[in-house]
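**Student:** So I've got this file, query10.cif, and it contains mmCIF, C-alpha atoms and all ligand atoms:
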```
data_coords
loop_
_atom_site.label_atom_id
_atom_site.label_comp_id
_atom_site.auth_asym_id
_atom_site.auth_seq_id
_atom_site.Cartn_x
_atom_site.Cartn_y
_atom_site.Cartn_z
CA ILE R 1 -17.04 8.66 24.97
CA ILE R 2 -14.66 10.74 22.88
CA LEU R 3 -14.73 13.52 25.47
CA ARG R 4 -13.30 11.13 28.08
CA GLY R 5 -10.26 12.44 29.90
CA LEU R 6 -11.16 16.10 29.44
CA THR R 7 -12.26 18.42 32.26
CA GLU R 8 -15.47 20.45 32.07
CA TYR R 9 -13.34 23.56 31.52
CA GLN R 10 -11.47 21.97 28.61
CA ILE R 11 -14.72 20.73 27.06
CA ASN R 12 -16.28 24.20 27.30
CA ASN R 13 -13.20 25.72 25.72
CA LEU R 14 -13.07 23.33 22.84
CA LEU R 15 -16.77 23.63 22.10
CA GLU R 16 -16.49 27.40 22.12
CA LYS R 17 -13.51 27.24 19.78
CA ALA R 18 -15.35 24.86 17.45
CA TRP R 19 -18.36 27.19 17.44
CA PHE R 20 -16.22 30.26 16.64
CA GLU R 21 -14.56 28.36 13.80
CA GLY R 22 -17.98 27.54 12.39
CA LYS R 23 -17.66 23.75 12.78
CA ASP R 24 -20.73 21.70 12.07
CA PHE R 25 -21.81 20.13 15.39
CA ASN R 26 -23.83 17.51 13.54
CA ASP R 27 -20.77 16.31 11.67
CA PHE R 28 -19.26 13.70 13.99
CA ASP R 29 -15.99 13.40 12.04
CA GLU R 30 -15.40 17.14 12.11
CA ILE R 31 -16.03 17.39 15.87
CA SER R 32 -13.91 14.27 16.53
CA LYS R 33 -11.02 16.00 14.79
CA VAL R 34 -11.35 19.07 17.02
CA ILE R 35 -11.45 16.88 20.15
CA GLY R 36 -8.50 14.80 18.93
CA ALA R 37 -6.44 17.96 18.39
CA THR R 38 -7.31 19.24 21.89
CA LYS R 39 -6.29 15.93 23.51
CA LYS R 40 -3.06 15.96 21.57
CA GLN R 41 -2.28 19.43 22.89
CA ILE R 42 -3.04 18.47 26.50
CA LEU R 43 -0.75 15.46 26.29
CA LYS R 44 1.97 17.54 24.70
CA LYS R 45 1.73 20.08 27.51
CA SER R 46 2.16 17.30 30.07
CA ASN R 47 5.61 16.81 28.56
CA LEU R 48 5.39 13.11 29.43
CA LEU R 49 2.95 11.61 26.97
CA GLU R 50 2.66 12.03 23.24
CA ILE R 51 0.16 10.74 20.69
CA ILE R 52 1.90 8.83 17.91
CA GLU R 53 0.27 8.63 14.50
CA SER R 54 1.31 5.57 12.56
CA THR R 55 0.18 3.57 9.58
CA GLU R 56 2.09 0.40 10.53
CA ASN R 57 0.10 -2.80 10.97
CA LEU R 58 0.84 -6.48 11.51
CA ASP R 59 1.62 -6.91 7.80
CA SER R 60 4.47 -4.39 8.21
CA ILE R 61 6.33 -6.87 10.42
CA GLY R 62 8.36 -9.68 8.89
CA GLY R 63 8.70 -12.66 11.22
CA LEU R 64 7.84 -12.39 14.96
CA ASN R 65 5.05 -14.88 14.29
CA ASN R 66 4.36 -15.83 17.92
CA LEU R 67 4.00 -12.21 18.86
CA LYS R 68 1.72 -11.44 15.92
CA LYS R 69 -0.43 -14.48 16.68
CA TRP R 70 -0.76 -13.43 20.32
CA LEU R 71 -1.76 -9.89 19.35
CA LYS R 72 -4.34 -11.18 16.88
CA THR R 73 -5.93 -13.32 19.56
CA LYS R 74 -6.05 -10.49 22.09
CA ALA R 75 -7.40 -8.12 19.45
CA LYS R 76 -10.66 -10.07 19.71
CA ILE R 77 -10.95 -8.74 23.27
CA MET R 78 -9.48 -5.29 22.74
CA THR R 79 -11.77 -4.50 19.83
CA ASN R 80 -14.80 -5.55 21.91
CA ILE R 81 -13.95 -4.13 25.32
CA GLU R 82 -17.53 -3.52 26.44
CA THR R 83 -18.68 -7.03 25.51
CA ALA R 84 -15.58 -8.51 27.17
CA LYS R 85 -16.39 -6.65 30.38
CA GLU R 86 -19.98 -7.82 30.21
CA PHE R 87 -18.82 -11.45 30.06
CA GLU R 88 -16.21 -10.79 32.78
CA VAL R 89 -13.29 -11.57 30.48
CA ASP R 90 -10.04 -10.15 31.88
CA LEU R 91 -8.59 -7.43 29.70
CA PRO R 92 -4.98 -8.04 28.66
CA LYS R 93 -2.57 -5.85 30.64
CA GLY R 94 0.37 -5.59 28.33
CA ILE R 95 3.53 -7.10 26.94
CA LEU R 96 7.23 -6.59 27.37
CA VAL R 97 9.22 -6.79 24.14
CA VAL R 98 12.91 -7.29 24.66
CA GLY R 99 15.73 -7.68 22.21
CA MET R 100 18.33 -6.41 19.81
CA PRO R 101 18.14 -2.83 18.51
CA GLY R 102 16.49 -2.50 15.13
CA CYS R 103 14.63 -5.81 15.28
CA GLY R 104 11.11 -4.43 15.36
CA LYS R 105 10.27 -3.52 18.96
CA SER R 106 8.96 -0.03 18.17
CA LEU R 107 7.31 -1.40 15.05
CA THR R 108 5.45 -3.89 17.25
CA ALA R 109 4.08 -1.13 19.50
CA LYS R 110 2.76 0.72 16.45
CA ALA R 111 1.25 -2.41 14.87
CA CYS R 112 -0.33 -3.32 18.20
CA ALA R 113 -2.26 -0.04 18.35
CA SER R 114 -3.46 -0.59 14.81
CA VAL R 115 -4.62 -4.21 15.31
CA PHE R 116 -6.41 -3.20 18.53
CA GLY R 117 -7.89 -0.16 16.75
CA LEU R 118 -6.68 2.14 19.55
CA GLN R 119 -4.72 5.33 19.89
CA LEU R 120 -0.97 4.94 20.51
CA ILE R 121 0.46 7.03 23.35
CA ARG R 122 4.19 7.17 23.90
CA PHE R 123 5.39 7.55 27.46
CA ASP R 124 8.90 8.93 27.83
CA ILE R 125 9.81 7.47 31.17
CA GLY R 126 13.38 8.73 30.98
CA ARG R 127 12.15 12.31 30.80
CA LEU R 128 10.07 11.81 33.91
CA LEU R 129 13.09 10.88 35.99
CA GLY R 130 15.58 13.19 34.38
CA LYS R 131 13.77 16.46 34.50
CA TYR R 132 11.81 16.52 37.70
CA VAL R 133 14.00 15.41 40.55
CA GLY R 134 11.84 15.21 43.65
CA GLU R 135 8.63 15.34 41.62
CA SER R 136 9.20 12.05 39.87
CA GLU R 137 6.58 9.95 41.65
CA ASN R 138 4.00 12.65 41.19
CA ASN R 139 4.79 12.79 37.50
CA MET R 140 4.52 9.03 37.20
CA ARG R 141 1.08 9.13 38.82
CA LYS R 142 0.06 12.05 36.60
CA ALA R 143 1.16 10.27 33.44
CA LEU R 144 -0.65 7.05 34.36
CA ALA R 145 -3.81 8.93 35.31
CA LEU R 146 -3.68 10.80 32.00
CA ALA R 147 -3.31 7.53 30.11
CA GLU R 148 -6.30 6.09 31.98
CA ALA R 149 -8.33 9.19 31.27
CA ILE R 150 -7.63 8.88 27.58
CA SER R 151 -8.21 5.10 27.54
CA PRO R 152 -8.86 2.85 25.74
CA CYS R 153 -5.36 3.23 24.40
CA VAL R 154 -2.02 1.50 23.92
CA LEU R 155 0.64 2.98 26.19
CA TRP R 156 4.06 2.50 24.67
CA ILE R 157 6.93 2.75 27.13
CA ASP R 158 10.08 2.83 25.07
CA GLU R 159 13.33 1.67 26.67
CA ILE R 160 11.73 1.01 30.01
CA GLU R 161 15.06 -0.09 31.48
CA LYS R 162 16.34 3.49 31.22
CA GLY R 163 13.65 4.72 33.57
CA LEU R 164 13.37 1.86 36.00
CA SER R 165 16.71 0.12 36.17
CA GLY R 166 18.09 2.51 38.79
CA SER R 167 15.50 1.26 41.25
CA GLN R 168 17.64 -1.58 42.60
CA SER R 169 20.60 0.52 43.64
CA SER R 170 18.66 3.71 44.11
CA GLY R 171 18.71 3.53 47.91
CA ARG R 172 22.30 4.62 47.64
CA THR R 173 22.24 6.82 44.58
CA ASP R 174 19.09 8.96 44.50
CA GLY R 175 17.54 8.66 47.93
CA GLY R 176 15.18 5.93 46.68
CA THR R 177 13.35 8.09 44.14
CA SER R 178 13.53 5.59 41.27
CA ALA R 179 12.54 2.77 43.61
CA ARG R 180 9.40 4.67 44.61
CA VAL R 181 8.60 5.60 41.01
CA PHE R 182 9.05 1.96 40.07
CA GLY R 183 6.79 0.88 42.95
CA THR R 184 4.07 3.25 41.75
CA PHE R 185 4.29 1.75 38.27
CA LEU R 186 4.22 -1.87 39.52
CA THR R 187 1.16 -1.28 41.69
CA TRP R 188 -0.61 0.39 38.79
CA MET R 189 0.26 -2.49 36.43
CA GLN R 190 -1.11 -4.96 38.94
CA GLU R 191 -4.31 -3.12 39.77
CA LYS R 192 -5.32 -1.10 36.74
CA LYS R 193 -8.91 -1.57 35.66
CA GLU R 194 -9.04 0.83 32.72
CA PRO R 195 -8.27 -0.52 29.25
CA VAL R 196 -4.72 0.79 28.93
CA PHE R 197 -2.65 -1.87 27.17
CA VAL R 198 1.05 -1.40 27.91
CA VAL R 199 3.72 -2.22 25.35
CA ALA R 200 7.06 -1.81 27.10
CA THR R 201 10.21 -2.23 25.06
CA ALA R 202 13.72 -2.85 26.35
CA ASN R 203 17.10 -3.60 24.83
CA ASP R 204 18.59 -5.22 27.91
CA ILE R 205 16.48 -7.45 30.11
CA THR R 206 19.30 -7.93 32.64
CA LYS R 207 18.92 -4.27 33.62
CA LEU R 208 15.28 -4.75 34.61
CA PRO R 209 14.26 -5.41 38.20
CA PRO R 210 12.95 -9.01 38.61
CA GLU R 211 9.67 -7.81 40.16
CA LEU R 212 8.73 -6.38 36.78
CA LEU R 213 9.12 -9.74 35.09
CA ARG R 214 6.97 -11.88 37.32
CA LYS R 215 3.47 -12.93 36.23
CA GLY R 216 0.69 -10.51 37.07
CA ARG R 217 2.49 -7.52 35.60
CA PHE R 218 2.88 -8.23 31.90
CA ASP R 219 0.83 -10.96 30.24
CA GLU R 220 3.80 -12.10 28.20
CA ILE R 221 7.45 -11.30 27.58
CA PHE R 222 8.58 -11.61 23.97
CA TYR R 223 12.17 -11.78 22.80
CA VAL R 224 12.96 -10.38 19.37
CA GLY R 225 16.25 -11.53 17.92
CA LEU R 226 18.01 -11.27 14.59
CA PRO R 227 15.79 -12.54 11.78
CA ASN R 228 16.45 -15.99 10.27
CA GLU R 229 16.47 -16.67 6.52
CA LYS R 230 12.74 -16.95 6.13
CA GLU R 231 12.17 -13.80 8.17
CA ARG R 232 14.79 -11.85 6.24
CA GLU R 233 13.03 -12.82 3.05
CA LYS R 234 9.75 -11.47 4.43
CA ILE R 235 11.39 -8.24 5.61
CA PHE R 236 13.02 -7.64 2.21
CA HIS R 237 9.68 -8.29 0.57
CA ILE R 238 7.89 -5.81 2.87
CA HIS R 239 10.37 -2.99 2.31
CA ILE R 240 10.80 -3.43 -1.43
CA ASN R 241 7.05 -3.64 -1.77
CA LYS R 242 6.71 -0.38 0.19
CA ARG R 243 9.14 1.54 -1.98
CA ARG R 244 9.33 -0.08 -5.43
CA PRO R 245 6.51 -2.60 -5.82
CA GLN R 246 7.02 -2.57 -9.60
CA ASP R 247 10.53 -4.04 -9.09
CA LEU R 248 9.51 -6.86 -6.78
CA ASP R 249 9.74 -9.44 -9.60
CA LYS R 250 13.06 -8.14 -10.87
CA ILE R 251 14.97 -8.30 -7.58
CA ARG R 252 16.35 -11.71 -6.59
CA ILE R 253 15.49 -11.63 -2.89
CA SER R 254 17.07 -15.04 -2.26
CA ASP R 255 20.51 -13.59 -3.15
CA LEU R 256 20.00 -10.73 -0.74
CA VAL R 257 18.86 -13.13 1.98
CA ALA R 258 22.02 -15.20 1.56
CA LYS R 259 24.22 -12.14 1.88
CA THR R 260 22.59 -10.63 4.95
CA LYS R 261 23.13 -13.17 7.72
CA GLY R 262 23.35 -11.32 11.04
CA PHE R 263 21.51 -8.25 9.73
CA SER R 264 18.68 -6.74 11.79
CA GLY R 265 15.36 -5.61 10.33
CA ALA R 266 16.58 -2.02 10.38
CA ASP R 267 19.81 -3.06 8.56
CA ILE R 268 17.73 -4.82 5.91
CA GLU R 269 15.58 -1.71 5.49
CA GLY R 270 18.84 0.23 5.02
CA VAL R 271 20.01 -2.20 2.32
P1 LIG I 301 15.64 0.25 18.95
O1 LIG I 301 15.85 -0.65 20.13
O2 LIG I 301 16.93 0.75 18.36
O3 LIG I 301 14.61 1.33 19.17
P2 LIG I 301 13.68 -1.35 17.61
O4 LIG I 301 13.78 -2.80 17.87
O5 LIG I 301 12.62 -0.58 18.29
O6 LIG I 301 15.09 -0.67 17.79
P3 LIG I 301 12.38 -0.60 15.20
O7 LIG I 301 12.36 0.88 15.41
O8 LIG I 301 11.12 -1.33 15.41
O9 LIG I 301 13.54 -1.22 16.05
O10 LIG I 301 12.95 -0.92 13.75
C1 LIG I 301 13.54 0.06 12.94
C2 LIG I 301 13.03 -0.09 11.53
O11 LIG I 301 13.54 -1.31 10.98
C3 LIG I 301 11.52 -0.20 11.48
O12 LIG I 301 10.92 1.03 11.29
C4 LIG I 301 11.30 -1.12 10.30
O13 LIG I 301 11.19 -0.37 9.12
C5 LIG I 301 12.55 -1.98 10.22
N1 LIG I 301 12.31 -3.30 10.82
C6 LIG I 301 12.85 -3.80 11.95
N2 LIG I 301 12.41 -5.04 12.19
C7 LIG I 301 11.55 -5.34 11.21
C8 LIG I 301 10.73 -6.48 10.90
N3 LIG I 301 10.72 -7.58 11.67
N4 LIG I 301 9.95 -6.42 9.81
C9 LIG I 301 9.93 -5.32 9.01
N5 LIG I 301 10.69 -4.23 9.23
C10 LIG I 301 11.47 -4.22 10.32
#
```
Show me this structure written as structure tokens.
Ligand code: ATP
**Tutor:**
Amino acid sequence: IILRGLTEYQINNLLEKAWFEGKDFNDFDEISKVIGATKKQILKKSNLLEIIESTENLDSIGGLNNLKKWLKTKAKIMTNIETAKEFEVDLPKGILVVGMPGCGKSLTAKACASVFGLQLIRFDIGRLLGKYVGESENNMRKALALAEAISPCVLWIDEIEKGLSGSQSSGRTDGGTSARVFGTFLTWMQEKKEPVFVVATANDITKLPPELLRKGRFDEIFYVGLPNEKEREKIFHIHINKRRPQDLDKIRISDLVAKTKGFSGADIEGV
């Protein structure tokens, strides 16, 4: 299973390398590390996908309770994919997280991978359109195929509006390239069978084409706004606890909460 997504040539190469380096083939952890490093390199070479290592989990997020509850429920499926398939339970497709900058969208993608126990892959959709004019659709297909090959995984598409928003007016501006790239993505979202859970994040939902928002693409769309009092308290608690747990009792969080109305999670972390 861990060799999934690699070609015969790549597998031969990595086994040879492991043998030369004197790795113990009976030590699963050691061999997993070698395979993980090879996959990382392949993704890096693709220039579109990147493996993100993160230690964030659901406890790192203050507030966003609906979202956390939803992820916890779906984790029951995503941590038992084979059993779910056996019982013909539909695998969740993904979520769209929209909202203010600094309110925890990226944090959610990272926590999602951790609660599902899967690898987090970041897809830079802006790079796909910017760099390879004319080859964009091909690159989109390549990136999605790569994600499927490496599945099960969480595919994090950051600022999806930057890559897809041109699709509405693209007939006039880029000969329809972004519209076709967008079409490729929509069809894939609708039809994908492999366990690739998409977490797309966007700052501005009005820039997204309506086809992306209809049911059948994402399972849910979550809005993340500025934290309320209770949420600010939680966020302060999380960040103080991360940095100076010994001072948690000495700091009057309620005073800070009162003074930070209108602050985002990132602003609170700054404070
Ligand atoms: P952008 O749209 O600018 O990328 P974002 O919504 O993705 O912003 P994040 O990168 O998730 O924002 O947040 C930045 C940092 O702020 C996080 O790494 C985290 O430390 C802190 N933060 C934001 N929201 C929360 C939250 N709800 N709970 C705890 N920390 C938070």
**Student:** Would you list the residues near (2.5, -9.5, 8.4) (no more than 10 Å away, in the coordinates of the file, using all atoms listed in the file) as a list of chain:residue names?
**Tutor:**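 The requested residues, written out, are R:Asn57, R:Leu58, R:Asp59, R:Ser60, R:Ile61, R:Gly62, R:Gly63, R:Leu64, R:Asn65, R:Lys68, R:Ala111, R:Lys234, R:Ile235, R:Ile238.
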**Student:** Listing only residues of chain R within 9 Å of ligand LIG 301 (chain I), what is the closest atom pair and its distance in Å (to one decimal) for each, using all atoms listed in the file, sorted by chain and residue number ascending, as a tab-separated table?
**Tutor:**
```
residue	atom	partner	partner_atom	distance
R:Glu56	CA	I:LIG301	O12	8.9
R:Asp59	CA	I:LIG301	C9	8.5
R:Ser60	CA	I:LIG301	C9	5.6
R:Ile61	CA	I:LIG301	N4	3.7
R:Gly62	CA	I:LIG301	N4	3.7
R:Gly63	CA	I:LIG301	N3	5.5
R:Leu64	CA	I:LIG301	N3	6.5
R:Val97	CA	I:LIG301	O4	8.7
R:Val98	CA	I:LIG301	O4	8.2
R:Gly99	CA	I:LIG301	O4	6.8
R:Met100	CA	I:LIG301	O4	6.1
R:Pro101	CA	I:LIG301	O1	3.6
R:Gly102	CA	I:LIG301	O9	3.3
R:Cys103	CA	I:LIG301	N2	3.9
R:Gly104	CA	I:LIG301	O8	3.1
R:Lys105	CA	I:LIG301	O4	3.7
R:Ser106	CA	I:LIG301	O5	3.7
R:Leu107	CA	I:LIG301	O8	3.8
R:Thr108	CA	I:LIG301	O8	6.5
R:Ala109	CA	I:LIG301	O8	8.1
R:Lys110	CA	I:LIG301	O8	8.7
R:Asp158	CA	I:LIG301	O3	7.6
R:Glu159	CA	I:LIG301	O1	7.4
R:Thr201	CA	I:LIG301	O5	7.4
R:Ala202	CA	I:LIG301	O1	6.9
R:Asn203	CA	I:LIG301	O1	5.7
R:Val224	CA	I:LIG301	O4	7.8
R:Leu226	CA	I:LIG301	N3	8.7
R:Pro227	CA	I:LIG301	N3	7.1
R:Glu231	CA	I:LIG301	N3	7.3
R:Arg232	CA	I:LIG301	N3	8.0
R:Lys234	CA	I:LIG301	N4	7.4
R:Ile235	CA	I:LIG301	C9	4.7
R:Phe236	CA	I:LIG301	C9	7.8
R:His237	CA	I:LIG301	C9	9.0
R:Ile238	CA	I:LIG301	C9	6.5
R:His239	CA	I:LIG301	N5	7.0
R:Ser264	CA	I:LIG301	N2	6.5
R:Gly265	CA	I:LIG301	C6	3.5
R:Ala266	CA	I:LIG301	O11	3.2
R:Asp267	CA	I:LIG301	O11	6.9
R:Ile268	CA	I:LIG301	C5	7.3
R:Glu269	CA	I:LIG301	C5	5.6
R:Gly270	CA	I:LIG301	O11	8.1
```
**Student:** CA of Glu191 (chain R) and CA of Gly126 (chain R) are how many Å apart?
**Tutor:**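 Interatomic distance, CA of Glu191 (chain R) to CA of Gly126 (chain R): 23.0 Å.
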**Student:** Counting only C-alpha atoms, figure out which residue out of R:Pro210, R:Gly22, R:Gly216, R:Gly36 gets nearest to Pro92 (chain R).
**Tutor:**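 Comparing R:Pro210, R:Gly22, R:Gly216, R:Gly36 against Pro92 (chain R), the winner is R:Gly216.
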**Student:** Which of these, R:Phe185, R:Phe123, R:Phe263, R:Trp156, has the shortest distance to Lys44 (chain R) once you count all atoms listed in the file?
**Tutor:** R:Phe123
**Student:** Find the residue from R:Thr177, R:Gln10, R:Thr260, R:Asn66 that sits nearest to Asn228 (chain R); use all atoms listed in the file when measuring.
**Tutor:**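 Using all atoms listed in the file, Asn228 (chain R) sits closest to R:Thr260.
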**Student:** Can you tell me which residues surround Ile221 (chain R) at a distance of at most 8 Å, considering only C-alpha atoms, apart from same-chain residues fewer than 2 positions away, and format the answer as a list in words?
**Tutor:**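 My list of contacting residues is Ile95, Leu96, Val97, Val98, Leu213, Phe218, Asp219 and Tyr223 of chain R.
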**Student:** Write out as a list in words the residues lying within 8 Å of Leu118 (chain R), counting all atoms listed in the file and excluding same-chain residues fewer than 5 positions away.
**Tutor:**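 Everything that qualifies: Ala113, Pro152, Cys153 and Val154 of chain R.
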**Student:** Take the residues that were just selected and, keeping C-alpha atoms, output them as an mmCIF file, keeping the file's coordinate frame.
**Tutor:**
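Saved the output as again_4.cif:
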```
data_model
loop_
_atom_site.group_PDB
_atom_site.id
_atom_site.type_symbol
_atom_site.label_atom_id
_atom_site.label_comp_id
_atom_site.auth_asym_id
_atom_site.auth_seq_id
_atom_site.Cartn_x
_atom_site.Cartn_y
_atom_site.Cartn_z
ATOM 1 C CA ALA R 113 -2.260 -0.040 18.350
ATOM 2 C CA PRO R 152 -8.860 2.850 25.740
ATOM 3 C CA CYS R 153 -5.360 3.230 24.400
ATOM 4 C CA VAL R 154 -2.020 1.500 23.920
#
```
**Student:** What does the structure give for the distance between CA of Leu49 (chain R) and CA of Arg122 (chain R), in Å to one decimal?
**Tutor:**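 It comes out at 5.5 Å.
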**Student:** Could you state the separation of CA of Lys72 (chain R) and CA of Ile150 (chain R) in Å, given to one decimal place?
**Tutor:** 23.0 Å
**Student:** Of the residues R:Lys250, R:Glu50, R:Lys93, R:Leu3, which is the one nearest to Lys33 (chain R), using all atoms listed in the file?
**Tutor:**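 Looking at the shortest contact to Lys33 (chain R), the residue is R:Leu3.
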**Student:** To test the calculation: enclose all listed atoms of region 74-88 of chain R in a box whose edges run along x, y and z, add 4 Å on each side, then state centre and edge lengths in Å to one decimal, as AutoDock Vina command-line options.
**Tutor:**
```
--center_x -13.0 --center_y -7.5 --center_z 26.1 --size_x 21.9 --size_y 15.9 --size_z 21.3
```
**Student:** When you count only C-alpha atoms, which of these residues is closest to Glu220 (chain R): R:Leu208, R:Leu71, R:Ile121, R:Ala149?
**Tutor:**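 Looking at the shortest contact to Glu220 (chain R), the residue is R:Leu71.
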**Student:** Quick one: of R:Ile77, R:Phe20, R:Leu128, R:Leu6, who's nearest to Asn47 (chain R), counting only C-alpha atoms?
**Tutor:**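 That would be R:Leu128, the residue with the smallest distance to Asn47 (chain R).
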**Student:** Need to verify the contact set: Phe25 (chain R), 12 Å, only C-alpha atoms, exclusion of same-chain residues closer than 5 positions in sequence. Can you return it as an MDAnalysis selection string?
**Tutor:** chainID R and resid 14:20 30:35
**Student:** Using only C-alpha atoms, which protein or nucleic acid residues come within 12 Å of Thr187 (chain R)? Drop anything in the same chain fewer than 2 positions from it, and give the result as an mmCIF file with C-alpha atoms, in the coordinates of the input.
**Tutor:**
```cif
data_model
loop_
_atom_site.group_PDB
_atom_site.id
_atom_site.type_symbol
_atom_site.label_atom_id
_atom_site.label_comp_id
_atom_site.auth_asym_id
_atom_site.auth_seq_id
_atom_site.Cartn_x
_atom_site.Cartn_y
_atom_site.Cartn_z
ATOM 1 C CA MET R 140 4.520 9.030 37.200
ATOM 2 C CA ARG R 141 1.080 9.130 38.820
ATOM 3 C CA LEU R 144 -0.650 7.050 34.360
ATOM 4 C CA ARG R 180 9.400 4.670 44.610
ATOM 5 C CA VAL R 181 8.600 5.600 41.010
ATOM 6 C CA PHE R 182 9.050 1.960 40.070
ATOM 7 C CA GLY R 183 6.790 0.880 42.950
ATOM 8 C CA THR R 184 4.070 3.250 41.750
ATOM 9 C CA PHE R 185 4.290 1.750 38.270
ATOM 10 C CA MET R 189 0.260 -2.490 36.430
ATOM 11 C CA GLN R 190 -1.110 -4.960 38.940
ATOM 12 C CA GLU R 191 -4.310 -3.120 39.770
ATOM 13 C CA LYS R 192 -5.320 -1.100 36.740
ATOM 14 C CA LYS R 193 -8.910 -1.570 35.660
ATOM 15 C CA GLU R 211 9.670 -7.810 40.160
ATOM 16 C CA LEU R 212 8.730 -6.380 36.780
ATOM 17 C CA GLY R 216 0.690 -10.510 37.070
ATOM 18 C CA ARG R 217 2.490 -7.520 35.600
#
```
**Student:** Need the shell around Val89 (chain R): protein/DNA/RNA residues with any atom at most 12 Å away, counting only C-alpha atoms. Skip same-chain ones fewer than 3 positions apart. Format as a ChimeraX atom specification?
**Tutor:** /R:74,76-78,80-86,92
**Student:** How would the residues just picked look written out with C-alpha atoms as a PDB file, keeping the file's coordinate frame?
**Tutor:**
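Dumped to out_14.pdb:
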```pdb
ATOM      1  CA  LYS R  74      -6.050 -10.490  22.090  1.00  0.00           C
ATOM      2  CA  LYS R  76     -10.660 -10.070  19.710  1.00  0.00           C
ATOM      3  CA  ILE R  77     -10.950  -8.740  23.270  1.00  0.00           C
ATOM      4  CA  MET R  78      -9.480  -5.290  22.740  1.00  0.00           C
ATOM      5  CA  ASN R  80     -14.800  -5.550  21.910  1.00  0.00           C
ATOM      6  CA  ILE R  81     -13.950  -4.130  25.320  1.00  0.00           C
ATOM      7  CA  GLU R  82     -17.530  -3.520  26.440  1.00  0.00           C
ATOM      8  CA  THR R  83     -18.680  -7.030  25.510  1.00  0.00           C
ATOM      9  CA  ALA R  84     -15.580  -8.510  27.170  1.00  0.00           C
ATOM     10  CA  LYS R  85     -16.390  -6.650  30.380  1.00  0.00           C
ATOM     11  CA  GLU R  86     -19.980  -7.820  30.210  1.00  0.00           C
ATOM     12  CA  PRO R  92      -4.980  -8.040  28.660  1.00  0.00           C
TER      13      PRO R  92
END
```
